[in-house]
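Shown below: coords-v3.cif, with mmCIF, C-alpha atoms and all ligand atoms.
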data_target
loop_
_atom_site.label_atom_id
_atom_site.label_comp_id
_atom_site.auth_asym_id
_atom_site.auth_seq_id
_atom_site.Cartn_x
_atom_site.Cartn_y
_atom_site.Cartn_z
CA MET I 1 -10.37 23.60 83.35
CA THR I 2 -7.81 21.33 84.98
CA ILE I 3 -5.08 19.52 83.15
CA HIS I 4 -3.54 16.38 84.54
CA PHE I 5 0.11 15.95 84.01
CA ALA I 6 0.83 12.65 85.64
CA LEU I 7 2.68 10.43 83.17
CA ARG I 8 0.43 7.92 81.53
CA PRO I 9 1.07 4.40 82.93
CA ALA I 10 2.69 3.25 79.68
CA ALA I 11 5.04 6.19 79.64
CA ARG I 12 5.88 5.63 83.28
CA PHE I 13 6.70 2.01 82.49
CA LEU I 14 8.88 3.03 79.57
CA SER I 15 10.85 5.57 81.57
CA LEU I 16 11.28 3.03 84.34
CA LEU I 17 12.64 0.56 81.81
CA ALA I 18 14.93 3.22 80.43
CA LEU I 19 16.23 3.88 83.89
CA CYS I 20 16.78 0.19 84.56
CA SER I 21 18.70 -0.31 81.37
CA GLY I 22 20.80 2.70 82.16
CA SER I 23 19.96 4.62 79.03
CA ALA I 24 16.95 5.76 77.10
CA LEU I 25 18.86 4.76 73.98
CA ALA I 26 18.01 1.15 74.82
CA PHE I 27 14.74 1.88 73.04
CA GLY I 28 16.35 3.18 69.91
CA ALA I 29 17.33 6.78 69.42
CA THR I 30 14.82 7.14 66.61
CA ALA I 31 11.69 6.50 68.66
CA ALA I 32 9.07 8.58 66.87
CA VAL I 33 7.20 9.81 69.91
CA PRO I 34 9.41 10.39 72.91
CA ALA I 35 7.41 9.83 76.07
CA GLY I 36 6.23 13.04 77.66
CA VAL I 37 6.05 15.47 74.76
CA THR I 38 3.65 18.31 75.40
CA ALA I 39 2.30 20.57 72.69
CA ILE I 40 0.97 24.00 73.53
CA LYS I 41 -1.35 25.54 70.98
CA ALA I 42 -0.81 29.27 71.29
CA GLY I 43 -3.44 31.42 69.59
CA ARG I 44 -1.17 34.43 70.07
CA MET I 45 2.45 34.29 71.14
CA VAL I 46 4.87 37.08 72.00
CA ASP I 47 8.23 36.82 70.30
CA VAL I 48 10.16 39.05 72.69
CA GLU I 49 13.42 38.74 70.77
CA ALA I 50 11.96 40.30 67.63
CA GLY I 51 9.41 42.38 69.55
CA ARG I 52 6.45 41.07 67.59
CA LEU I 53 3.27 39.13 68.00
CA LEU I 54 2.84 35.77 66.24
CA LEU I 55 -0.47 34.06 65.57
CA ASP I 56 -1.33 30.35 65.76
CA GLN I 57 1.92 28.92 67.02
CA VAL I 58 2.77 25.53 68.45
CA ILE I 59 5.31 25.05 71.24
CA LEU I 60 6.63 21.52 71.67
CA ILE I 61 8.05 20.69 75.08
CA GLU I 62 10.06 17.71 76.12
CA GLY I 63 11.06 17.32 79.72
CA GLU I 64 12.02 20.71 81.10
CA ARG I 65 12.84 22.29 77.79
CA ILE I 66 11.29 23.73 74.67
CA LYS I 67 11.98 21.37 71.81
CA ALA I 68 10.53 23.34 68.91
CA VAL I 69 8.42 26.41 68.18
CA GLY I 70 6.68 27.22 64.94
CA PRO I 71 3.47 27.99 63.07
CA ALA I 72 0.66 25.49 63.62
CA ALA I 73 0.40 25.23 59.83
CA THR I 74 3.88 23.70 59.50
CA LEU I 75 5.02 22.33 62.86
CA VAL I 76 3.68 18.80 63.24
CA ILE I 77 2.45 17.79 66.67
CA PRO I 78 3.71 14.25 67.27
CA PRO I 79 0.87 11.77 67.77
CA GLY I 80 0.37 10.97 71.43
CA ALA I 81 1.63 14.34 72.62
CA LYS I 82 -0.26 15.94 75.48
CA ILE I 83 -2.09 18.97 74.17
CA ILE I 84 -2.55 22.15 76.13
CA ASP I 85 -5.00 24.30 74.27
CA LEU I 86 -4.23 27.98 74.72
CA SER I 87 -5.58 28.89 71.31
CA GLN I 88 -7.85 31.52 72.88
CA ALA I 89 -5.03 33.02 74.93
CA MET I 90 -1.78 34.94 74.58
CA VAL I 91 1.37 33.06 75.51
CA LEU I 92 4.51 34.82 76.77
CA PRO I 93 7.81 33.73 78.27
CA GLY I 94 7.72 33.40 82.06
CA LEU I 95 8.29 36.79 83.64
CA ILE I 96 11.49 37.75 85.47
CA ASP I 97 11.85 40.15 88.40
CA VAL I 98 15.52 40.98 89.02
CA HIS I 99 14.96 42.81 92.30
CA THR I 100 13.09 40.89 94.96
CA HIS I 101 13.43 39.99 98.64
CA LEU I 102 11.46 36.76 99.03
CA THR I 103 12.29 36.57 102.72
CA GLY I 104 10.93 40.08 103.25
CA ASN I 105 7.49 40.48 104.81
CA PRO I 106 5.73 43.65 103.62
CA ARG I 107 3.87 43.99 106.91
CA GLU I 108 7.05 43.96 108.99
CA HIS I 109 8.98 47.10 108.26
CA GLY I 110 11.08 49.11 110.72
CA TYR I 111 10.89 48.04 114.35
CA VAL I 112 8.07 45.60 113.65
CA GLY I 113 10.47 43.25 111.87
CA LEU I 114 12.99 43.08 114.72
CA GLY I 115 11.27 40.11 116.34
CA THR I 116 11.51 37.97 113.24
CA SER I 117 14.34 35.44 113.17
CA ASN I 118 16.27 34.60 110.03
CA MET I 119 14.71 31.14 110.07
CA ARG I 120 11.22 32.53 110.34
CA ALA I 121 11.98 34.87 107.45
CA ALA I 122 13.20 31.98 105.32
CA LEU I 123 10.01 30.04 106.03
CA TYR I 124 7.99 33.08 105.11
CA GLY I 125 9.93 32.96 101.86
CA VAL I 126 8.36 29.59 101.05
CA ARG I 127 5.01 31.27 100.76
CA ALA I 128 6.47 34.28 98.98
CA ALA I 129 8.09 31.98 96.44
CA ARG I 130 4.77 30.30 95.71
CA ASP I 131 2.91 33.59 95.38
CA THR I 132 5.60 34.95 93.06
CA LEU I 133 5.52 31.91 90.80
CA ASN I 134 1.71 31.84 90.75
CA ALA I 135 1.78 35.43 89.55
CA GLY I 136 3.76 34.35 86.48
CA PHE I 137 7.28 35.19 87.65
CA THR I 138 9.22 32.04 86.88
CA THR I 139 12.62 33.57 87.71
CA VAL I 140 13.81 36.14 90.24
CA ARG I 141 17.01 37.61 91.56
CA ASN I 142 16.96 37.92 95.32
CA VAL I 143 19.09 40.92 96.16
CA GLY I 144 19.71 40.90 99.89
CA ALA I 145 18.64 38.52 102.64
CA SER I 146 19.75 37.64 106.17
CA GLY I 147 21.01 34.30 107.42
CA PHE I 148 21.48 32.96 103.88
CA GLY I 149 17.75 32.26 103.85
CA ASP I 150 17.83 33.09 100.14
CA VAL I 151 20.43 30.40 99.46
CA ALA I 152 18.29 27.86 101.33
CA LEU I 153 15.18 28.90 99.42
CA ARG I 154 16.92 28.62 96.07
CA ASP I 155 18.28 25.19 96.89
CA ALA I 156 14.99 23.88 98.28
CA ILE I 157 13.13 25.05 95.19
CA ASN I 158 15.75 23.45 92.95
CA ASP I 159 15.42 20.22 94.93
CA GLY I 160 11.66 20.28 94.36
CA ASP I 161 10.72 20.65 98.04
CA PHE I 162 8.11 23.29 97.22
CA PRO I 163 7.17 25.43 94.24
CA GLY I 164 8.95 28.67 93.51
CA PRO I 165 10.74 30.60 90.80
CA ARG I 166 14.26 29.95 89.60
CA MET I 167 16.50 32.10 91.76
CA GLN I 168 19.81 33.86 91.70
CA VAL I 169 20.66 35.06 95.18
CA SER I 170 23.13 37.44 96.79
CA GLY I 171 23.20 36.46 100.46
CA TYR I 172 23.79 39.55 102.59
CA ALA I 173 23.99 42.92 100.87
CA LEU I 174 27.36 44.61 101.35
CA GLY I 175 27.65 48.14 102.67
CA ILE I 176 29.36 50.62 104.93
CA LYS I 177 28.92 50.74 108.69
CA GLY I 178 25.80 52.69 109.51
CA GLY I 179 24.72 52.65 105.89
CA HIS I 180 21.63 51.38 104.13
CA CYS I 181 22.83 47.76 104.28
CA ASP I 182 23.67 47.87 107.99
CA ASN I 183 21.20 47.42 110.88
CA ASN I 184 20.72 50.79 112.49
CA LEU I 185 17.58 50.38 114.55
CA LEU I 186 19.03 49.41 117.93
CA PRO I 187 21.06 51.51 120.41
CA PRO I 188 24.81 50.86 120.71
CA GLU I 189 24.64 48.47 123.66
CA TYR I 190 23.03 45.86 121.41
CA ASN I 191 26.06 45.96 119.17
CA ASP I 192 23.99 45.01 116.16
CA THR I 193 26.04 45.30 113.01
CA GLY I 194 24.87 43.81 109.74
CA VAL I 195 26.81 40.79 108.52
CA GLY I 196 27.21 42.49 105.14
CA VAL I 197 29.08 45.47 106.58
CA ALA I 198 32.58 45.79 105.12
CA ASP I 199 34.51 49.05 105.11
CA GLY I 200 37.54 49.59 102.91
CA PRO I 201 38.54 47.82 99.70
CA TRP I 202 40.13 44.77 101.31
CA ALA I 203 37.38 44.14 103.82
CA ALA I 204 34.93 44.51 100.96
CA ARG I 205 36.84 42.01 98.84
CA THR I 206 36.85 39.55 101.73
CA LYS I 207 33.11 40.01 102.14
CA VAL I 208 32.58 39.19 98.46
CA ARG I 209 34.55 35.99 98.97
CA GLU I 210 32.49 35.16 102.03
CA MET I 211 29.20 35.60 100.16
CA ALA I 212 30.47 33.43 97.31
CA LYS I 213 31.67 30.79 99.79
CA PHE I 214 28.22 30.51 101.34
CA GLY I 215 26.33 30.22 98.08
CA ALA I 216 25.76 33.65 96.56
CA ASP I 217 25.30 33.66 92.77
CA MET I 218 25.75 37.41 92.63
CA ILE I 219 26.77 40.32 94.85
CA LYS I 220 24.53 43.13 96.06
CA ILE I 221 26.04 46.33 97.40
CA CYS I 222 24.74 49.60 98.78
CA ALA I 223 26.35 52.49 96.93
CA THR I 224 24.14 55.13 98.56
CA GLY I 225 21.74 55.60 101.42
CA GLY I 226 18.20 54.37 101.22
CA VAL I 227 14.58 55.04 102.00
CA LEU I 228 13.87 52.26 104.47
CA SER I 229 17.07 52.55 106.50
CA LYS I 230 17.35 54.65 109.64
CA GLY I 231 19.59 57.69 109.88
CA ASP I 232 20.85 58.06 106.32
CA GLU I 233 20.00 60.11 103.27
CA ALA I 234 18.78 58.22 100.21
CA GLY I 235 20.74 60.56 97.97
CA ALA I 236 24.06 60.43 99.84
CA GLN I 237 26.88 58.29 98.52
CA GLN I 238 28.07 55.48 100.85
CA TYR I 239 30.60 53.15 99.22
CA THR I 240 33.47 55.06 97.62
CA LEU I 241 34.57 54.52 94.05
CA GLU I 242 37.66 52.72 95.35
CA GLU I 243 35.62 50.29 97.47
CA MET I 244 33.26 49.56 94.61
CA GLN I 245 36.14 48.97 92.20
CA ALA I 246 37.55 46.38 94.59
CA ILE I 247 34.16 44.69 94.96
CA VAL I 248 33.50 44.56 91.24
CA ASP I 249 36.97 43.27 90.49
CA GLU I 250 36.70 40.54 93.10
CA ALA I 251 33.14 39.56 92.21
CA HIS I 252 33.81 39.37 88.48
CA LYS I 253 36.94 37.35 89.12
CA LEU I 254 34.71 34.87 90.98
CA GLY I 255 32.15 34.87 88.17
CA ARG I 256 29.56 36.92 90.08
CA LYS I 257 27.74 39.96 88.79
CA VAL I 258 27.27 43.01 90.96
CA ALA I 259 24.01 44.85 91.60
CA ALA I 260 24.35 48.26 93.24
CA HIS I 261 21.56 49.82 95.25
CA ALA I 262 21.93 53.52 94.39
CA HIS I 263 19.44 56.37 94.66
CA GLY I 264 21.89 59.29 94.71
CA THR I 265 23.48 60.92 91.69
CA THR I 266 27.18 60.55 92.56
CA GLY I 267 26.76 57.06 93.96
CA ILE I 268 25.09 56.01 90.71
CA ARG I 269 27.91 57.56 88.70
CA ASP I 270 30.68 55.94 90.73
CA ALA I 271 28.94 52.55 90.74
CA ILE I 272 28.77 52.66 86.94
CA LEU I 273 32.39 53.80 86.69
CA ALA I 274 33.40 50.95 89.01
CA GLY I 275 31.78 48.55 86.54
CA VAL I 276 28.73 47.22 88.35
CA ASP I 277 26.37 45.20 86.17
CA SER I 278 23.20 46.92 87.31
CA VAL I 279 22.17 50.01 89.19
CA GLU I 280 19.09 49.37 91.31
CA HIS I 281 16.57 52.18 91.94
CA ALA I 282 18.64 54.84 90.09
CA SER I 283 16.18 57.41 91.44
CA LEU I 284 18.27 60.56 91.11
CA ILE I 285 20.20 59.59 88.01
CA ASP I 286 21.29 62.62 85.96
CA ASP I 287 22.25 63.05 82.30
CA GLU I 288 25.82 62.03 82.99
CA GLY I 289 24.69 58.84 84.72
CA ILE I 290 22.35 58.02 81.85
CA ARG I 291 25.12 58.59 79.34
CA LEU I 292 27.67 56.53 81.30
CA ALA I 293 25.21 53.66 81.76
CA ARG I 294 24.63 53.54 78.00
CA GLN I 295 28.32 53.76 77.25
CA LYS I 296 29.24 50.95 79.64
CA GLY I 297 26.15 48.82 79.01
CA THR I 298 25.09 49.02 82.67
CA PHE I 299 21.54 47.87 83.30
CA LEU I 300 19.15 50.15 85.15
CA VAL I 301 16.61 48.47 87.39
CA MET I 302 14.09 51.11 88.43
CA ASP I 303 11.40 50.00 90.88
CA ILE I 304 8.76 52.55 90.04
CA TYR I 305 5.68 50.85 91.53
CA VAL I 306 6.69 50.42 95.18
CA ASP I 307 6.15 54.12 96.02
CA ASP I 308 2.39 53.48 95.88
CA TYR I 309 2.58 50.82 98.57
CA ILE I 310 4.95 52.68 100.88
CA LEU I 311 2.86 55.84 100.85
CA ALA I 312 -0.48 54.03 101.06
CA GLU I 313 0.45 51.66 103.89
CA GLY I 314 2.67 54.09 105.78
CA GLU I 315 3.08 53.51 109.49
CA LYS I 316 0.59 50.62 109.46
CA ALA I 317 3.22 48.46 107.76
CA GLY I 318 5.88 49.64 110.21
CA PHE I 319 7.65 52.09 107.89
CA LEU I 320 9.63 54.67 109.88
CA LEU I 321 8.39 58.23 109.66
CA GLU I 322 11.72 59.26 108.18
CA SER I 323 11.28 56.60 105.49
CA LEU I 324 7.91 58.01 104.54
CA GLU I 325 9.47 61.46 104.30
CA LYS I 326 12.32 60.19 102.15
CA GLU I 327 9.89 58.36 99.88
CA ARG I 328 7.82 61.51 99.39
CA LYS I 329 11.01 63.23 98.23
CA ILE I 330 12.26 60.70 95.71
CA GLY I 331 9.24 58.68 94.55
CA GLN I 332 8.04 61.02 91.82
CA LEU I 333 11.57 62.06 90.83
CA GLN I 334 12.40 58.40 90.21
CA ARG I 335 9.41 58.03 87.91
CA ASP I 336 10.33 61.18 85.99
CA ASN I 337 13.92 60.00 85.69
CA PHE I 338 12.73 56.62 84.45
CA ARG I 339 11.20 58.42 81.49
CA LYS I 340 14.45 60.28 80.79
CA ALA I 341 16.65 57.25 81.28
CA TYR I 342 14.63 54.93 79.10
CA VAL I 343 14.49 56.88 75.86
CA GLY I 344 16.09 54.71 73.26
CA GLY I 345 17.85 52.40 75.69
CA ASP I 346 17.26 48.69 75.95
CA ARG I 347 19.40 48.03 79.03
CA MET I 348 16.55 48.39 81.46
CA ALA I 349 15.54 45.29 83.40
CA PHE I 350 12.33 44.76 85.33
CA GLY I 351 12.88 44.84 89.09
CA THR I 352 10.37 45.80 91.73
CA ASP I 353 11.62 45.40 95.33
CA ALA I 354 8.89 42.83 96.07
CA GLY I 355 9.01 42.10 99.76
CA VAL I 356 8.76 45.78 100.51
CA TYR I 357 5.23 45.35 99.07
CA PRO I 358 3.29 42.03 98.84
CA HIS I 359 4.80 39.19 96.81
CA GLY I 360 2.76 38.35 93.76
CA ASP I 361 1.93 41.98 93.05
CA ASN I 362 5.12 42.30 90.97
CA ALA I 363 3.27 42.88 87.70
CA LYS I 364 1.64 46.03 89.01
CA GLN I 365 4.81 47.84 87.96
CA PHE I 366 4.15 47.31 84.24
CA TYR I 367 1.46 49.97 84.30
CA TYR I 368 3.97 52.58 85.47
CA MET I 369 6.64 51.54 83.00
CA VAL I 370 4.22 52.25 80.17
CA LYS I 371 2.89 55.40 81.80
CA TYR I 372 6.47 56.68 82.00
CA GLY I 373 7.51 55.99 78.47
CA MET I 374 7.81 52.36 77.45
CA THR I 375 5.57 50.65 74.95
CA PRO I 376 3.86 47.55 76.37
CA MET I 377 6.24 45.42 74.27
CA GLN I 378 9.29 47.19 75.70
CA ALA I 379 7.98 46.68 79.23
CA ILE I 380 7.49 42.97 78.47
CA GLN I 381 11.01 42.76 77.04
CA SER I 382 12.44 44.35 80.20
CA SER I 383 10.93 41.49 82.21
CA THR I 384 11.94 38.72 79.83
CA ILE I 385 14.80 38.95 77.37
CA HIS I 386 16.58 41.96 78.94
CA ALA I 387 16.27 40.57 82.47
CA ALA I 388 17.64 37.25 81.23
CA GLU I 389 20.58 39.07 79.69
CA LEU I 390 21.36 40.89 82.93
CA MET I 391 21.29 37.59 84.80
CA GLY I 392 23.62 35.96 82.32
CA TRP I 393 20.91 33.39 81.62
CA LYS I 394 19.96 34.31 78.08
CA ASP I 395 20.84 30.78 77.02
CA ARG I 396 18.14 29.27 79.25
CA ILE I 397 15.30 31.73 79.92
CA GLY I 398 13.74 34.97 78.67
CA SER I 399 12.18 33.93 75.37
CA ILE I 400 10.22 31.12 73.79
CA ARG I 401 12.94 29.41 71.84
CA SER I 402 13.96 25.80 71.39
CA GLY I 403 16.54 24.67 73.91
CA LYS I 404 15.41 27.06 76.64
CA PHE I 405 13.46 26.05 79.73
CA ALA I 406 9.74 25.74 79.10
CA ASP I 407 8.88 28.67 81.38
CA LEU I 408 5.67 30.11 79.99
CA ILE I 409 2.65 32.11 81.00
CA ALA I 410 -0.65 32.91 79.34
CA VAL I 411 -3.13 35.73 79.67
CA GLN I 412 -6.59 36.20 78.18
CA LYS I 413 -6.21 39.63 76.62
CA ASP I 414 -3.50 41.24 74.50
CA ALA I 415 -0.63 42.26 76.78
CA THR I 416 1.06 44.11 73.92
CA VAL I 417 -1.89 46.50 73.89
CA ASP I 418 -2.77 46.60 77.58
CA VAL I 419 0.16 45.56 79.72
CA THR I 420 -1.93 45.56 82.90
CA VAL I 421 -3.38 42.16 81.91
CA LEU I 422 -0.09 40.76 83.19
CA THR I 423 -1.53 41.19 86.68
CA GLU I 424 -4.07 38.52 85.72
CA VAL I 425 -1.92 35.64 84.56
CA GLU I 426 -4.09 32.55 84.06
CA PHE I 427 -1.57 29.90 83.16
CA VAL I 428 1.93 29.33 84.50
CA MET I 429 4.38 26.64 83.41
CA LYS I 430 7.88 26.30 84.86
CA GLY I 431 10.33 23.86 83.39
CA GLY I 432 7.62 22.05 81.44
CA GLN I 433 5.40 21.55 84.47
CA VAL I 434 2.10 23.31 84.78
CA VAL I 435 2.12 25.32 87.96
CA ARG I 436 -1.41 26.54 87.69
CA ARG I 437 -4.18 27.07 85.21
CA THR I 438 -6.86 29.04 86.98
CA PRO I 439 -6.95 32.56 88.27
CA VAL I 440 -5.66 32.89 91.82
CA PRO I 441 -8.59 34.25 93.84
N1 LIG Q 501 14.69 49.34 99.33
C1 LIG Q 501 14.62 50.67 98.85
C2 LIG Q 501 15.21 51.63 99.85
O1 LIG Q 501 15.00 51.46 101.01
C3 LIG Q 501 13.21 51.05 98.57
C4 LIG Q 501 13.03 52.27 97.78
C5 LIG Q 501 11.61 52.42 97.42
N2 LIG Q 501 11.26 53.65 96.80
C6 LIG Q 501 11.31 53.87 95.52
N3 LIG Q 501 10.83 54.99 95.09
N4 LIG Q 501 11.77 53.01 94.68
O2 LIG Q 501 15.86 52.54 99.50
#
In structure tokens, write the structure found in this file.
Ligand code: ARG
Amino acid sequence: MTIHFALRPAARFLSLLALCSGSALAFGATAAVPAGVTAIKAGRMVDVEAGRLLLDQVILIEGERIKAVGPAATLVIPPGAKIIDLSQAMVLPGLIDVHTHLTGNPREHGYVGLGTSNMRAALYGVRAARDTLNAGFTTVRNVGASGFGDVALRDAINDGDFPGPRMQVSGYALGIKGGHCDNNLLPPEYNDTGVGVADGPWAARTKVREMAKFGADMIKICATGGVLSKGDEAGAQQYTLEEMQAIVDEAHKLGRKVAAHAHGTTGIRDAILAGVDSVEHASLIDDEGIRLARQKGTFLVMDIYVDDYILAEGEKAGFLLESLEKERKIGQLQRDNFRKAYVGGDRMAFGTDAGVYPHGDNAKQFYYMVKYGMTPMQAIQSSTIHAAELMGWKDRIGSIRSGKFADLIAVQKDATVDVTVLTEVEFVMKGGQVVRRTPVP
């Protein structure tokens, strides 16, 4: 079924008049049916704030925002409203992935990616943005990109140039020379050092300022080595506590949150002690790290699907042999530690490292989150209300509540019973506009 959302001619005329007269109030503030109200009939709706399922709800949408939500029995649909009938479906808030790389091509790892320019990567991101949104992810954080391609993507999407999720972006990820966030593939004569490299507290502070200057909403740092980088150990600490304290202090002063890539135990601990807002991966987190994260309210963002892709695609996708070895060492440990870290905690946000694996497959991670200890509802909350909280956007996204953006998805079956249905999102709305209504082939 297709739904047409062009304004009806009368409505178009009215809004034109309103524009000409300078104010919609020219028509009287009490107009009974504001032009362009949409009513969604939701047979089942997930209230992620209360963690419960509601039946037969109506969601009224005006412009980009949710105007009212309530039971069909009591909430009156204004006459003339456009109706979207999802009475046979389950409606949820748009999903959020707080760890993506939209400019990252999953077929271009290691040396294969060296021929790709920053511009080409940004253009690839156009397609990645569309695929991500079509999959039901209406918001993402992009944590690390070259050439400020992420800033350009965010701005182009906001300007309506092409469809994509809402974005918070980091620009370049900050890290030590030779570390996970540096470029280590080429021999010395090429002199290839990552733009995000900054050693020592003051250089690191300056780098935070530089990222903010060029459009970063948040700061990404590499606290430890990584899997996909050459010549380092995933578990080894890279930034020192002192460097991370400087970064966090500077970033927070500038109103930016800090996300720390950290696989290794001491790097995780020091990142939390330094006051980062989220620890990404957290693969080798120990009891102390888990306790500190709870105490300080640090979010954990554990990407426990991507292991499948790395090990299945291997060298075909360009992954270095050493990366495959590192992944074999930490992949399962990370999943086991997810189980330990989750128990009782709600500061776990959904983040997947999309870009390492194909964009649009983000929801595949839900299966593992449930397998390793969450209920389906908790997994859904991690990708909605908790992710919104981490992003500092709880006032605008993350739940179906009046005043928030009308970012909604719908699935056929009950996601609170079988969370894997989130890989088959059939309806996506972003900011009150229907993005799609049929399964993507
Ligand atoms: N970007 C990450 C890194 O290179 C990917 C880690 C993937 N593996 C995992 N088990 N989460 O370190």
Would you write out, as CSV, a table of all residues in chain I that have an atom no more than 9 Å from an atom of ligand LIG 501 (chain Q), listing for each the closest atom pair and the distance in Å to one decimal, considering all atoms listed in the file and ordering rows by chain and rising residue number?
residue,atom,partner,partner_atom,distance
I:His180,CA,Q:LIG501,O1,7.3
I:Thr224,CA,Q:LIG501,O2,8.7
I:Gly225,CA,Q:LIG501,O2,6.9
I:Gly226,CA,Q:LIG501,O2,3.4
I:Val227,CA,Q:LIG501,O1,3.7
I:Leu228,CA,Q:LIG501,O1,3.7
I:Ser229,CA,Q:LIG501,O1,6.0
I:Ala234,CA,Q:LIG501,O2,6.4
I:His261,CA,Q:LIG501,O2,7.6
I:Ala262,CA,Q:LIG501,O2,8.0
I:His263,CA,Q:LIG501,O2,7.1
I:Glu280,CA,Q:LIG501,N4,8.8
I:His281,CA,Q:LIG501,N4,5.6
I:Ala282,CA,Q:LIG501,N4,8.5
I:Ser283,CA,Q:LIG501,N3,6.9
I:Met302,CA,Q:LIG501,N4,6.9
I:Asp303,CA,Q:LIG501,N4,4.9
I:Ile304,CA,Q:LIG501,N4,5.5
I:Tyr305,CA,Q:LIG501,N4,7.2
I:Val306,CA,Q:LIG501,N4,5.7
I:Asp307,CA,Q:LIG501,N3,4.9
I:Asp308,CA,Q:LIG501,N3,8.6
I:Ile310,CA,Q:LIG501,C5,7.5
I:Ser323,CA,Q:LIG501,O1,7.8
I:Lys326,CA,Q:LIG501,N2,8.5
I:Glu327,CA,Q:LIG501,N2,5.8
I:Arg328,CA,Q:LIG501,N3,8.4
I:Lys329,CA,Q:LIG501,N3,8.8
I:Ile330,CA,Q:LIG501,N3,5.9
I:Gly331,CA,Q:LIG501,N3,4.1
I:Gln332,CA,Q:LIG501,N3,7.4
I:Leu333,CA,Q:LIG501,N3,8.3
I:Gln334,CA,Q:LIG501,N3,6.2
I:Arg335,CA,Q:LIG501,N3,7.9
I:Thr352,CA,Q:LIG501,N4,7.9
I:Asp353,CA,Q:LIG501,N1,6.4
I:Val356,CA,Q:LIG501,N1,7.0
I'd like the neighbourhood of I:Ala203 as a PDB file with C-alpha atoms, in the frame of the given file, where a residue qualifies if any of its atoms comes within 12 Å (using all atoms listed in the file), though same-chain residues fewer than 6 positions away should be ignored.
ATOM      1  CA  LEU I 174      27.360  44.610 101.350  1.00  0.00           C
ATOM      2  CA  GLY I 175      27.650  48.140 102.670  1.00  0.00           C
ATOM      3  CA  ILE I 176      29.360  50.620 104.930  1.00  0.00           C
ATOM      4  CA  LYS I 177      28.920  50.740 108.690  1.00  0.00           C
ATOM      5  CA  GLY I 196      27.210  42.490 105.140  1.00  0.00           C
ATOM      6  CA  VAL I 197      29.080  45.470 106.580  1.00  0.00           C
ATOM      7  CA  ARG I 209      34.550  35.990  98.970  1.00  0.00           C
ATOM      8  CA  GLU I 210      32.490  35.160 102.030  1.00  0.00           C
ATOM      9  CA  GLU I 243      35.620  50.290  97.470  1.00  0.00           C
ATOM     10  CA  MET I 244      33.260  49.560  94.610  1.00  0.00           C
ATOM     11  CA  ALA I 246      37.550  46.380  94.590  1.00  0.00           C
ATOM     12  CA  ILE I 247      34.160  44.690  94.960  1.00  0.00           C
ATOM     13  CA  GLU I 250      36.700  40.540  93.100  1.00  0.00           C
TER      14      GLU I 250
END
Open item on the list: Quick check, in Å to one decimal: how far apart do atom CA of I:Gly255 and atom CA of I:Arg269 lie?
Closed with: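 Going from atom CA of I:Gly255 over to atom CA of I:Arg269 covers 23.1 Å.
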Open item on the list: So that I can see what lies close to I:Ile380, please list as a PyMOL selection string the residues with an atom at most 8 Å from it, counting only C-alpha atoms and leaving out residues fewer than 5 positions away in the same chain.
Closed with: chain I and resi 48+366+416+419
Convert the current residue selection to file output with C-alpha atoms, as an mmCIF file, in the frame of the given file.
data_model
loop_
_atom_site.group_PDB
_atom_site.id
_atom_site.type_symbol
_atom_site.label_atom_id
_atom_site.label_comp_id
_atom_site.auth_asym_id
_atom_site.auth_seq_id
_atom_site.Cartn_x
_atom_site.Cartn_y
_atom_site.Cartn_z
ATOM 1 C CA VAL I 48 10.160 39.050 72.690
ATOM 2 C CA PHE I 366 4.150 47.310 84.240
ATOM 3 C CA THR I 416 1.060 44.110 73.920
ATOM 4 C CA VAL I 419 0.160 45.560 79.720
#
Open item on the list: Taking all atoms listed in the file into account, name the residue in I:Val98, I:Met90, I:Ala349, I:Val434 that is nearest to I:Leu422.
Closed with: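 Of I:Val98, I:Met90, I:Ala349, I:Val434, the one nearest I:Leu422 is I:Met90, counting all atoms listed in the file.
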TODO: Go ahead and compute the interatomic distance for atom CA of I:Gly80 and atom CA of I:Ile400, in Å to one decimal.
DONE: 22.6 Å
Can you pull out the residues contacting I:Val151? Cut-off 9 Å, using all atoms listed in the file, and skip same-chain residues under 4 positions away; I want them as a short mmCIF file (atom, residue, chain, number, x, y, z; two decimals) with C-alpha atoms, keeping the file's coordinate frame.
data_model
loop_
_atom_site.label_atom_id
_atom_site.label_comp_id
_atom_site.auth_asym_id
_atom_site.auth_seq_id
_atom_site.Cartn_x
_atom_site.Cartn_y
_atom_site.Cartn_z
CA ALA I 145 18.64 38.52 102.64
CA GLY I 147 21.01 34.30 107.42
CA ASP I 155 18.28 25.19 96.89
CA ALA I 156 14.99 23.88 98.28
CA MET I 167 16.50 32.10 91.76
CA GLN I 168 19.81 33.86 91.70
CA VAL I 169 20.66 35.06 95.18
CA SER I 170 23.13 37.44 96.79
CA GLY I 171 23.20 36.46 100.46
CA PHE I 214 28.22 30.51 101.34
CA GLY I 215 26.33 30.22 98.08
CA ALA I 216 25.76 33.65 96.56
CA ASP I 217 25.30 33.66 92.77
#
TODO: Point out the residue among I:Tyr309, I:Val112, I:Pro376, I:Leu241 with the least atom-to-atom distance to I:Asp414, counting all atoms listed in the file.
DONE: I:Pro376
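The gap separating atom CA of I:Ala68 from atom CA of I:Arg401 is 7.2 Å, in Å to one decimal.
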Box dimensions and centre (Å, one decimal) enclosing stretch 57-71 of chain I, axis-aligned, 6 Å extra per side, as lines of an AutoDock Vina configuration file:
center_x = 7.4
center_y = 23.1
center_z = 72.1
size_x = 22.9
size_y = 23.6
size_z = 30.0
- [ ] Show me as a ChimeraX atom specification the residues that reach within 9 Å of (18.7, 49.9, 109.6), counting all atoms listed in the file and using the file's own coordinates.
- [x] /I:110,178-186,194,228-231
